[in-house]
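Printed here is work31.pdb (PDB, C-alpha atoms):
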```pdb
MODEL        1
ATOM      1  CA  MET A   1      93.555  63.977 104.046  1.00  0.00           C
ATOM      2  CA  ARG A   2      96.133  64.681 101.344  1.00  0.00           C
ATOM      3  CA  ARG A   3      96.183  61.021 100.300  1.00  0.00           C
ATOM      4  CA  LEU A   4      92.388  60.884 100.408  1.00  0.00           C
ATOM      5  CA  ILE A   5      92.155  63.849  98.014  1.00  0.00           C
ATOM      6  CA  ARG A   6      94.803  62.325  95.754  1.00  0.00           C
ATOM      7  CA  ASP A   7      92.896  59.037  95.674  1.00  0.00           C
ATOM      8  CA  GLY A   8      89.708  60.921  94.837  1.00  0.00           C
ATOM      9  CA  ALA A   9      91.393  62.796  91.979  1.00  0.00           C
ATOM     10  CA  LEU A  10      92.870  59.561  90.576  1.00  0.00           C
ATOM     11  CA  ALA A  11      89.557  57.705  90.858  1.00  0.00           C
ATOM     12  CA  GLY A  12      87.741  60.626  89.250  1.00  0.00           C
ATOM     13  CA  LEU A  13      90.315  60.758  86.464  1.00  0.00           C
ATOM     14  CA  ALA A  14      89.737  57.048  85.774  1.00  0.00           C
ATOM     15  CA  GLY A  15      85.987  57.660  85.796  1.00  0.00           C
ATOM     16  CA  GLY A  16      86.405  60.616  83.446  1.00  0.00           C
ATOM     17  CA  ALA A  17      88.360  58.416  81.051  1.00  0.00           C
ATOM     18  CA  ALA A  18      85.536  55.845  81.129  1.00  0.00           C
ATOM     19  CA  LEU A  19      83.015  58.619  80.463  1.00  0.00           C
ATOM     20  CA  ALA A  20      85.048  59.887  77.511  1.00  0.00           C
ATOM     21  CA  VAL A  21      85.378  56.405  75.998  1.00  0.00           C
ATOM     22  CA  VAL A  22      81.635  55.739  76.232  1.00  0.00           C
ATOM     23  CA  LEU A  23      80.716  59.110  74.737  1.00  0.00           C
ATOM     24  CA  VAL A  24      83.191  58.718  71.866  1.00  0.00           C
ATOM     25  CA  LEU A  25      82.003  55.195  71.085  1.00  0.00           C
ATOM     26  CA  LEU A  26      78.259  55.730  71.562  1.00  0.00           C
ATOM     27  CA  GLY A  27      77.589  59.458  71.342  1.00  0.00           C
ATOM     28  CA  GLU A  28      80.083  60.868  68.851  1.00  0.00           C
ATOM     29  CA  GLU A  29      77.917  60.231  65.785  1.00  0.00           C
ATOM     30  CA  SER A  30      74.801  61.823  67.272  1.00  0.00           C
ATOM     31  CA  ILE A  31      76.769  64.825  68.557  1.00  0.00           C
ATOM     32  CA  GLY A  32      78.383  65.384  65.159  1.00  0.00           C
ATOM     33  CA  ARG A  33      75.064  65.139  63.340  1.00  0.00           C
ATOM     34  CA  ALA A  34      73.367  67.495  65.805  1.00  0.00           C
ATOM     35  CA  ILE A  35      76.100  70.109  65.387  1.00  0.00           C
ATOM     36  CA  ALA A  36      75.901  69.753  61.596  1.00  0.00           C
ATOM     37  CA  LEU A  37      72.126  70.294  61.677  1.00  0.00           C
ATOM     38  CA  GLU A  38      72.529  73.385  63.835  1.00  0.00           C
ATOM     39  CA  GLN A  39      75.311  74.943  61.757  1.00  0.00           C
ATOM     40  CA  GLY A  40      73.875  74.084  58.354  1.00  0.00           C
ATOM     41  CA  ASP A  41      76.228  75.343  55.668  1.00  0.00           C
ATOM     42  CA  GLY A  42      77.917  77.874  57.906  1.00  0.00           C
ATOM     43  CA  GLY A  43      81.039  75.776  58.430  1.00  0.00           C
ATOM     44  CA  GLU A  44      82.877  74.981  61.651  1.00  0.00           C
ATOM     45  CA  MET A  45      85.232  77.200  63.628  1.00  0.00           C
ATOM     46  CA  PHE A  46      87.020  74.052  64.848  1.00  0.00           C
ATOM     47  CA  SER A  47      87.264  70.677  63.154  1.00  0.00           C
ATOM     48  CA  ARG A  48      85.252  67.802  64.602  1.00  0.00           C
ATOM     49  CA  GLY A  49      88.488  66.087  65.636  1.00  0.00           C
ATOM     50  CA  THR A  50      89.513  69.160  67.638  1.00  0.00           C
ATOM     51  CA  GLN A  51      86.079  69.315  69.244  1.00  0.00           C
ATOM     52  CA  THR A  52      86.278  65.627  70.181  1.00  0.00           C
ATOM     53  CA  ALA A  53      89.728  66.054  71.707  1.00  0.00           C
ATOM     54  CA  GLY A  54      88.434  69.030  73.688  1.00  0.00           C
ATOM     55  CA  GLY A  55      85.491  66.963  74.898  1.00  0.00           C
ATOM     56  CA  VAL A  56      87.797  64.165  76.076  1.00  0.00           C
ATOM     57  CA  LEU A  57      89.970  66.669  77.930  1.00  0.00           C
ATOM     58  CA  ALA A  58      86.887  68.229  79.513  1.00  0.00           C
ATOM     59  CA  ALA A  59      85.677  64.788  80.659  1.00  0.00           C
ATOM     60  CA  LEU A  60      89.043  64.106  82.310  1.00  0.00           C
ATOM     61  CA  VAL A  61      89.158  67.478  84.075  1.00  0.00           C
ATOM     62  CA  TRP A  62      85.503  67.197  85.144  1.00  0.00           C
ATOM     63  CA  GLY A  63      86.102  63.666  86.391  1.00  0.00           C
ATOM     64  CA  ALA A  64      89.156  64.616  88.449  1.00  0.00           C
ATOM     65  CA  ALA A  65      87.309  67.579  89.990  1.00  0.00           C
ATOM     66  CA  LEU A  66      84.268  65.467  90.869  1.00  0.00           C
ATOM     67  CA  GLY A  67      86.598  62.812  92.273  1.00  0.00           C
ATOM     68  CA  VAL A  68      88.015  65.385  94.686  1.00  0.00           C
ATOM     69  CA  VAL A  69      84.468  66.246  95.788  1.00  0.00           C
ATOM     70  CA  PHE A  70      83.834  62.505  96.174  1.00  0.00           C
ATOM     71  CA  ALA A  71      86.881  62.270  98.465  1.00  0.00           C
ATOM     72  CA  PHE A  72      85.665  65.143 100.653  1.00  0.00           C
ATOM     73  CA  VAL A  73      82.199  63.602 101.003  1.00  0.00           C
ATOM     74  CA  PHE A  74      83.509  60.071 101.606  1.00  0.00           C
ATOM     75  CA  PRO A  75      84.429  60.388 105.325  1.00  0.00           C
ATOM     76  CA  VAL A  76      80.944  61.682 106.144  1.00  0.00           C
ATOM     77  CA  ALA A  77      79.279  58.973 104.072  1.00  0.00           C
ATOM     78  CA  ARG A  78      81.589  56.396 105.645  1.00  0.00           C
ATOM     79  CA  ARG A  79      80.223  57.216 109.092  1.00  0.00           C
ATOM     80  CA  ARG A  80      76.623  57.575 107.967  1.00  0.00           C
ATOM     81  CA  LEU A  81      76.542  54.283 106.083  1.00  0.00           C
ATOM     82  CA  ALA A  82      77.652  52.494 109.269  1.00  0.00           C
ATOM     83  CA  THR A  83      79.775  49.936 107.441  1.00  0.00           C
ATOM     84  CA  ALA A  84      83.185  48.608 108.408  1.00  0.00           C
ATOM     85  CA  SER A  85      84.226  48.340 104.752  1.00  0.00           C
ATOM     86  CA  ASP A  86      85.757  51.243 102.832  1.00  0.00           C
ATOM     87  CA  TRP A  87      84.986  49.269  99.678  1.00  0.00           C
ATOM     88  CA  ARG A  88      81.255  49.080 100.419  1.00  0.00           C
ATOM     89  CA  ALA A  89      81.185  52.723 101.446  1.00  0.00           C
ATOM     90  CA  ALA A  90      82.902  53.833  98.216  1.00  0.00           C
ATOM     91  CA  VAL A  91      80.622  51.781  95.980  1.00  0.00           C
ATOM     92  CA  GLY A  92      77.530  52.845  97.937  1.00  0.00           C
ATOM     93  CA  LEU A  93      78.494  56.513  97.664  1.00  0.00           C
ATOM     94  CA  ALA A  94      79.057  56.081  93.910  1.00  0.00           C
ATOM     95  CA  VAL A  95      75.590  54.548  93.490  1.00  0.00           C
ATOM     96  CA  LEU A  96      74.082  57.419  95.468  1.00  0.00           C
ATOM     97  CA  GLY A  97      76.028  59.922  93.350  1.00  0.00           C
ATOM     98  CA  PHE A  98      74.720  58.425  90.122  1.00  0.00           C
ATOM     99  CA  LEU A  99      71.131  58.462  91.370  1.00  0.00           C
ATOM    100  CA  THR A 100      71.300  62.007  92.726  1.00  0.00           C
ATOM    101  CA  VAL A 101      73.507  63.807  90.216  1.00  0.00           C
ATOM    102  CA  ASN A 102      72.519  62.046  87.009  1.00  0.00           C
ATOM    103  CA  LEU A 103      69.623  59.592  86.963  1.00  0.00           C
ATOM    104  CA  VAL A 104      66.960  61.663  88.763  1.00  0.00           C
ATOM    105  CA  PRO A 105      67.692  64.878  86.773  1.00  0.00           C
ATOM    106  CA  PHE A 106      67.863  62.793  83.576  1.00  0.00           C
ATOM    107  CA  LEU A 107      64.327  61.493  84.116  1.00  0.00           C
ATOM    108  CA  LYS A 108      62.894  65.014  84.438  1.00  0.00           C
ATOM    109  CA  TYR A 109      65.201  67.280  82.414  1.00  0.00           C
ATOM    110  CA  THR A 110      66.681  64.972  79.803  1.00  0.00           C
ATOM    111  CA  PRO A 111      69.843  66.448  78.198  1.00  0.00           C
ATOM    112  CA  ASN A 112      70.058  67.408  74.538  1.00  0.00           C
ATOM    113  CA  PRO A 113      73.027  67.178  72.157  1.00  0.00           C
ATOM    114  CA  PRO A 114      75.222  70.268  71.742  1.00  0.00           C
ATOM    115  CA  GLY A 115      73.685  72.738  69.343  1.00  0.00           C
ATOM    116  CA  VAL A 116      70.125  71.460  69.880  1.00  0.00           C
ATOM    117  CA  GLY A 117      67.592  73.719  71.560  1.00  0.00           C
ATOM    118  CA  ASP A 118      67.139  77.408  72.256  1.00  0.00           C
ATOM    119  CA  PRO A 119      70.282  79.046  73.740  1.00  0.00           C
ATOM    120  CA  ASP A 120      68.078  81.657  75.417  1.00  0.00           C
ATOM    121  CA  THR A 121      66.748  78.967  77.789  1.00  0.00           C
ATOM    122  CA  ILE A 122      70.166  77.885  79.112  1.00  0.00           C
ATOM    123  CA  GLY A 123      69.880  79.947  82.289  1.00  0.00           C
ATOM    124  CA  ARG A 124      66.414  78.655  83.123  1.00  0.00           C
ATOM    125  CA  ARG A 125      67.366  75.063  82.307  1.00  0.00           C
ATOM    126  CA  THR A 126      70.426  75.310  84.565  1.00  0.00           C
ATOM    127  CA  ALA A 127      68.372  76.718  87.438  1.00  0.00           C
ATOM    128  CA  LEU A 128      65.766  73.959  87.105  1.00  0.00           C
ATOM    129  CA  TYR A 129      68.486  71.299  87.003  1.00  0.00           C
ATOM    130  CA  LEU A 130      70.097  72.666  90.182  1.00  0.00           C
ATOM    131  CA  LEU A 131      66.718  72.757  91.930  1.00  0.00           C
ATOM    132  CA  LEU A 132      66.049  69.154  91.001  1.00  0.00           C
ATOM    133  CA  LEU A 133      69.578  68.184  92.045  1.00  0.00           C
ATOM    134  CA  ALA A 134      68.969  69.686  95.490  1.00  0.00           C
ATOM    135  CA  TRP A 135      65.600  67.917  95.677  1.00  0.00           C
ATOM    136  CA  ALA A 136      67.220  64.587  94.772  1.00  0.00           C
ATOM    137  CA  ALA A 137      69.762  65.099  97.566  1.00  0.00           C
ATOM    138  CA  LEU A 138      66.882  65.843  99.955  1.00  0.00           C
ATOM    139  CA  ALA A 139      65.145  62.634  98.848  1.00  0.00           C
ATOM    140  CA  ALA A 140      68.306  60.631  99.541  1.00  0.00           C
ATOM    141  CA  ALA A 141      68.662  62.219 102.990  1.00  0.00           C
ATOM    142  CA  ALA A 142      65.007  61.522 103.813  1.00  0.00           C
ATOM    143  CA  ALA A 143      65.288  57.890 102.724  1.00  0.00           C
ATOM    144  CA  TRP A 144      68.467  57.438 104.760  1.00  0.00           C
ATOM    145  CA  ALA A 145      66.852  58.988 107.863  1.00  0.00           C
ATOM    146  CA  VAL A 146      63.843  56.696 107.566  1.00  0.00           C
ATOM    147  CA  GLY A 147      66.111  53.693 107.092  1.00  0.00           C
ATOM    148  CA  ARG A 148      68.093  54.551 110.219  1.00  0.00           C
ATOM    149  CA  ARG A 149      64.944  55.126 112.242  1.00  0.00           C
ATOM    150  CA  LEU A 150      63.448  51.828 111.163  1.00  0.00           C
ATOM    151  CA  ALA A 151      66.703  50.038 112.007  1.00  0.00           C
ATOM    152  CA  ASP A 152      66.808  51.289 115.614  1.00  0.00           C
ATOM    153  CA  ASP A 153      67.195  48.687 118.339  1.00  0.00           C
ATOM    154  CA  PRO A 154      64.694  47.082 118.469  1.00  0.00           C
ATOM    155  CA  PRO A 155      64.025  47.536 114.735  1.00  0.00           C
ATOM    156  CA  ALA A 156      60.593  48.888 113.839  1.00  0.00           C
ATOM    157  CA  LEU A 157      60.453  46.628 110.769  1.00  0.00           C
ATOM    158  CA  PRO A 158      62.271  43.435 109.781  1.00  0.00           C
ATOM    159  CA  GLU A 159      65.050  43.848 107.228  1.00  0.00           C
ATOM    160  CA  HIS A 160      63.020  42.451 104.320  1.00  0.00           C
ATOM    161  CA  LEU A 161      60.429  45.207 104.879  1.00  0.00           C
ATOM    162  CA  ARG A 162      62.823  48.051 105.703  1.00  0.00           C
ATOM    163  CA  ALA A 163      64.418  48.105 102.251  1.00  0.00           C
ATOM    164  CA  PRO A 164      61.084  48.451 100.370  1.00  0.00           C
ATOM    165  CA  ALA A 165      59.999  51.139 102.853  1.00  0.00           C
ATOM    166  CA  VAL A 166      63.179  53.150 102.268  1.00  0.00           C
ATOM    167  CA  VAL A 167      62.829  52.818  98.482  1.00  0.00           C
ATOM    168  CA  ALA A 168      59.178  53.891  98.723  1.00  0.00           C
ATOM    169  CA  VAL A 169      60.113  57.032 100.669  1.00  0.00           C
ATOM    170  CA  TYR A 170      62.773  57.899  98.112  1.00  0.00           C
ATOM    171  CA  VAL A 171      60.417  57.384  95.167  1.00  0.00           C
ATOM    172  CA  VAL A 172      57.615  59.411  96.772  1.00  0.00           C
ATOM    173  CA  VAL A 173      59.882  62.384  97.547  1.00  0.00           C
ATOM    174  CA  VAL A 174      61.409  62.334  94.047  1.00  0.00           C
ATOM    175  CA  ALA A 175      57.981  62.015  92.421  1.00  0.00           C
ATOM    176  CA  THR A 176      56.770  65.012  94.434  1.00  0.00           C
ATOM    177  CA  GLY A 177      59.616  67.068  92.994  1.00  0.00           C
ATOM    178  CA  PHE A 178      58.803  65.866  89.480  1.00  0.00           C
ATOM    179  CA  VAL A 179      55.204  67.012  89.876  1.00  0.00           C
ATOM    180  CA  GLY A 180      56.031  70.321  91.544  1.00  0.00           C
ATOM    181  CA  LEU A 181      58.762  71.515  89.203  1.00  0.00           C
ATOM    182  CA  PRO A 182      57.862  72.802  85.718  1.00  0.00           C
ATOM    183  CA  GLY A 183      58.766  70.913  82.573  1.00  0.00           C
ATOM    184  CA  SER A 184      61.739  71.681  80.372  1.00  0.00           C
ATOM    185  CA  PRO A 185      61.467  75.111  78.732  1.00  0.00           C
ATOM    186  CA  ASP A 186      63.595  74.024  75.796  1.00  0.00           C
ATOM    187  CA  PRO A 187      61.760  72.976  72.603  1.00  0.00           C
ATOM    188  CA  VAL A 188      63.538  70.244  70.653  1.00  0.00           C
ATOM    189  CA  THR A 189      63.122  70.235  66.879  1.00  0.00           C
ATOM    190  CA  ALA A 190      65.917  67.794  65.989  1.00  0.00           C
ATOM    191  CA  PRO A 191      65.006  64.239  64.934  1.00  0.00           C
ATOM    192  CA  ALA A 192      63.873  62.199  67.942  1.00  0.00           C
ATOM    193  CA  ALA A 193      66.098  59.220  67.092  1.00  0.00           C
ATOM    194  CA  LEU A 194      69.165  61.467  66.985  1.00  0.00           C
ATOM    195  CA  VAL A 195      68.334  63.144  70.284  1.00  0.00           C
ATOM    196  CA  TRP A 196      67.607  59.907  72.103  1.00  0.00           C
ATOM    197  CA  ARG A 197      70.797  58.244  70.899  1.00  0.00           C
ATOM    198  CA  PHE A 198      72.714  61.092  72.484  1.00  0.00           C
ATOM    199  CA  ARG A 199      70.636  60.963  75.668  1.00  0.00           C
ATOM    200  CA  LEU A 200      71.150  57.236  76.182  1.00  0.00           C
ATOM    201  CA  ALA A 201      74.861  57.562  75.423  1.00  0.00           C
ATOM    202  CA  SER A 202      75.061  60.381  77.956  1.00  0.00           C
ATOM    203  CA  LEU A 203      73.336  58.258  80.617  1.00  0.00           C
ATOM    204  CA  ALA A 204      75.599  55.292  79.862  1.00  0.00           C
ATOM    205  CA  GLY A 205      78.642  57.551  80.114  1.00  0.00           C
ATOM    206  CA  THR A 206      77.690  58.910  83.530  1.00  0.00           C
ATOM    207  CA  ALA A 207      76.916  55.389  84.752  1.00  0.00           C
ATOM    208  CA  ALA A 208      80.390  54.316  83.588  1.00  0.00           C
ATOM    209  CA  PHE A 209      81.929  57.297  85.371  1.00  0.00           C
ATOM    210  CA  TRP A 210      80.339  56.529  88.725  1.00  0.00           C
ATOM    211  CA  ALA A 211      81.013  52.786  88.461  1.00  0.00           C
ATOM    212  CA  VAL A 212      84.707  53.239  87.661  1.00  0.00           C
ATOM    213  CA  CYS A 213      85.148  56.096  90.149  1.00  0.00           C
ATOM    214  CA  GLY A 214      83.556  54.138  93.001  1.00  0.00           C
ATOM    215  CA  VAL A 215      85.459  50.922  92.293  1.00  0.00           C
ATOM    216  CA  ALA A 216      88.795  52.711  91.809  1.00  0.00           C
ATOM    217  CA  PHE A 217      88.362  54.775  94.966  1.00  0.00           C
ATOM    218  CA  GLY A 218      87.456  51.644  96.932  1.00  0.00           C
ATOM    219  CA  TRP A 219      90.594  49.896  95.649  1.00  0.00           C
ATOM    220  CA  LEU A 220      92.753  52.892  96.536  1.00  0.00           C
ATOM    221  CA  ARG A 221      91.295  52.996 100.047  1.00  0.00           C
ATOM    222  CA  LEU A 222      92.104  49.318 100.504  1.00  0.00           C
ATOM    223  CA  ALA A 223      95.650  49.981  99.325  1.00  0.00           C
ATOM    224  CA  ALA A 224      95.947  52.920 101.729  1.00  0.00           C
ATOM    225  CA  ALA A 225      94.975  50.607 104.584  1.00  0.00           C
ATOM    226  CA  GLY A 226      97.655  48.121 103.551  1.00  0.00           C
ATOM    227  CA  ARG A 227      95.181  45.639 102.112  1.00  0.00           C
ATOM    228  CA  SER A 228      95.341  44.184  98.627  1.00  0.00           C
ATOM    229  CA  PRO A 229      92.267  45.002  96.495  1.00  0.00           C
ATOM    230  CA  PHE A 230      92.912  41.829  94.505  1.00  0.00           C
ATOM    231  CA  SER A 231      92.943  39.465  97.468  1.00  0.00           C
ATOM    232  CA  SER A 232      89.716  37.707  98.431  1.00  0.00           C
ATOM    233  CA  ARG A 233      90.746  37.931 102.077  1.00  0.00           C
ATOM    234  CA  GLY A 234      92.050  41.483 101.890  1.00  0.00           C
ATOM    235  CA  ALA A 235      95.459  40.401 103.236  1.00  0.00           C
ATOM    236  CA  PRO A 236      97.911  43.182 104.082  1.00  0.00           C
ATOM    237  CA  SER A 237      99.995  44.212 101.133  1.00  0.00           C
ATOM    238  CA  ARG A 238     103.782  43.964 101.221  1.00  0.00           C
ATOM    239  CA  ALA A 239     104.103  47.679 101.824  1.00  0.00           C
ATOM    240  CA  GLY A 240     101.642  47.533 104.689  1.00  0.00           C
ATOM    241  CA  ALA A 241     103.342  44.492 106.215  1.00  0.00           C
ATOM    242  CA  THR A 242     106.760  46.130 106.217  1.00  0.00           C
ATOM    243  CA  GLY A 243     105.496  49.434 107.490  1.00  0.00           C
ATOM    244  CA  GLU A 244     106.381  51.293 104.312  1.00  0.00           C
ATOM    245  CA  PRO A 245     104.189  54.309 103.432  1.00  0.00           C
TER     246      PRO A 245
ENDMDL
END
```

Let's see the structure in the file written out as structure tokens.
Amino acid sequence: MRRLIRDGALAGLAGGAALAVVLVLLGEESIGRAIALEQGDGGEMFSRGTQTAGGVLAALVWGAALGVVFAFVFPVARRRLATASDWRAAVGLAVLGFLTVNLVPFLKYTPNPPGVGDPDTIGRRTALYLLLLAWAALAAAAAWAVGRRLADDPPALPEHLRAPAVVAVYVVVVATGFVGLPGSPDPVTAPAALVWRFRLASLAGTAAFWAVCGVAFGWLRLAAAGRSPFSSRGAPSRAGATGEP
């Protein structure tokens, strides 16, 4: 378990670095402009360079922490996904994490740049996000349960029909949550182009995080099993062949 947690922290740290790079390259301009619009002529307590460095550090810490959570969830997902490949399980869990934690909430409660919006609505926005996050997790669980039921022996549906059925269940449950939950309480008065540049950069950053985290964790799991992540046959690594830890 100790190595699993370490692998999760390392994979999350790599994902956090990818998130930071994407946000700096794609979102830095929109964030800086949004903060300037909010502050007006009041000046900054910290320089923009200091704020950027703090944001990069926060992305790394957040990534490492989420990577540890990823490692704790992985053994359960590994059994539930019913796959013999740690690589497939890691990538599949990363895809599920992106859908549940980021994409579904993004489609309903799209994030705004720092300094944009009414600070008095932060509590309500956070509560709505957490509700939708829980609903997205419920949708994933429902889709998985339907997929398992349809795959029973003998299968209720052929494979080419099971996948669309599972996707349909997921979409219906998510759409029900979208309809039932209220809209965002936060009015946005900043220029639409500025806000949407930040939003798309934010989505790209989270996608980069989950992609890098899943791939890195899968590689680390292969290495832990004594298999080379860079071998097409997954041959045992030298350490694994000699019995070294």

Take the PyMOL selection byres ((chain A and resi 125) around 12), run it mentally on this structure, and tell me the resulting residues as a VMD selection string. chain A and resid 105 108 to 112 117 to 124 126 to 132 181 to 187

Selection result of the PyMOL selection byres ((chain A and resi 95-101) around 7) on this file, as a PyMOL selection string: chain A and resi 91-94+102-105+133+136-137+207+210

Selection result for the PyMOL selection byres ((chain A and resi 63-78) around 7) on this file, as a PyMOL selection string: chain A and resi 4-5+8-13+15-16+59-62+79-83+89+93

Generate a file of the selected residues that holds C-alpha atoms, formatted as a CSV table (one decimal), in the frame of the given file.
```
chain,number,residue,atom,x,y,z
A,4,LEU,CA,92.4,60.9,100.4
A,5,ILE,CA,92.2,63.8,98.0
A,8,GLY,CA,89.7,60.9,94.8
A,9,ALA,CA,91.4,62.8,92.0
A,10,LEU,CA,92.9,59.6,90.6
A,11,ALA,CA,89.6,57.7,90.9
A,12,GLY,CA,87.7,60.6,89.2
A,13,LEU,CA,90.3,60.8,86.5
A,15,GLY,CA,86.0,57.7,85.8
A,16,GLY,CA,86.4,60.6,83.4
A,59,ALA,CA,85.7,64.8,80.7
A,60,LEU,CA,89.0,64.1,82.3
A,61,VAL,CA,89.2,67.5,84.1
A,62,TRP,CA,85.5,67.2,85.1
A,79,ARG,CA,80.2,57.2,109.1
A,80,ARG,CA,76.6,57.6,108.0
A,81,LEU,CA,76.5,54.3,106.1
A,82,ALA,CA,77.7,52.5,109.3
A,83,THR,CA,79.8,49.9,107.4
A,89,ALA,CA,81.2,52.7,101.4
A,93,LEU,CA,78.5,56.5,97.7
```

So, with all atoms listed in the file as the atoms that count, which of A:Val215, A:Val188, A:Leu161, A:Ala140 lies closest to Val174 of chain A? A:Ala140

Arg199 of chain A surroundings by all atoms listed in the file, 10 Å radius, close-in-sequence under 4 positions cut, as a CSV table (one decimal) with C-alpha atoms, in the frame of the given file:
```csv
chain,number,residue,atom,x,y,z
A,27,GLY,CA,77.6,59.5,71.3
A,30,SER,CA,74.8,61.8,67.3
A,106,PHE,CA,67.9,62.8,83.6
A,110,THR,CA,66.7,65.0,79.8
A,111,PRO,CA,69.8,66.4,78.2
A,112,ASN,CA,70.1,67.4,74.5
A,113,PRO,CA,73.0,67.2,72.2
A,193,ALA,CA,66.1,59.2,67.1
A,194,LEU,CA,69.2,61.5,67.0
A,195,VAL,CA,68.3,63.1,70.3
A,203,LEU,CA,73.3,58.3,80.6
A,204,ALA,CA,75.6,55.3,79.9
A,205,GLY,CA,78.6,57.6,80.1
```

I need the residue nearest Ala223 of chain A from this list: A:Arg3, A:Leu25, A:Leu57, A:Ala142. Use all atoms listed in the file for the distance.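 The closest residue to Ala223 of chain A is A:Arg3.
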
Could you tell me how far atom CA of Gly218 of chain A lies from atom CA of Thr206 of chain A, in Å and to one decimal?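 Calculated distance between atom CA of Gly218 of chain A and atom CA of Thr206 of chain A is 18.1 Å.
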
Which value, in Å to one decimal, gives the distance between atom CA of Ala18 of chain A and atom CA of Val212 of chain A?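 Computing it gives 7.1 Å between the two atoms.
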
Calculated over all atoms listed in the file, which of the candidates A:Leu150, A:Ala17, A:Ala143, A:Ala53 has the smallest distance to Val172 of chain A? A:Ala143

Would you please work out which residue, of A:Val24, A:Val171, A:Ala163, A:Val179, is nearest to Gly55 of chain A when using all atoms listed in the file?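 Ranking A:Val24, A:Val171, A:Ala163, A:Val179 by distance to Gly55 of chain A, first place goes to A:Val24.
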
I need the residue nearest Val166 of chain A from this list: A:Ala84, A:Ala145, A:Ala208, A:Ala225. Use only C-alpha atoms for the distance.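 Among the listed residues, A:Ala145 lies closest to Val166 of chain A.
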
Can you measure atom CA of Leu157 of chain A to atom CA of Leu138 of chain A for me? One decimal in Å is fine. 23.0 Å
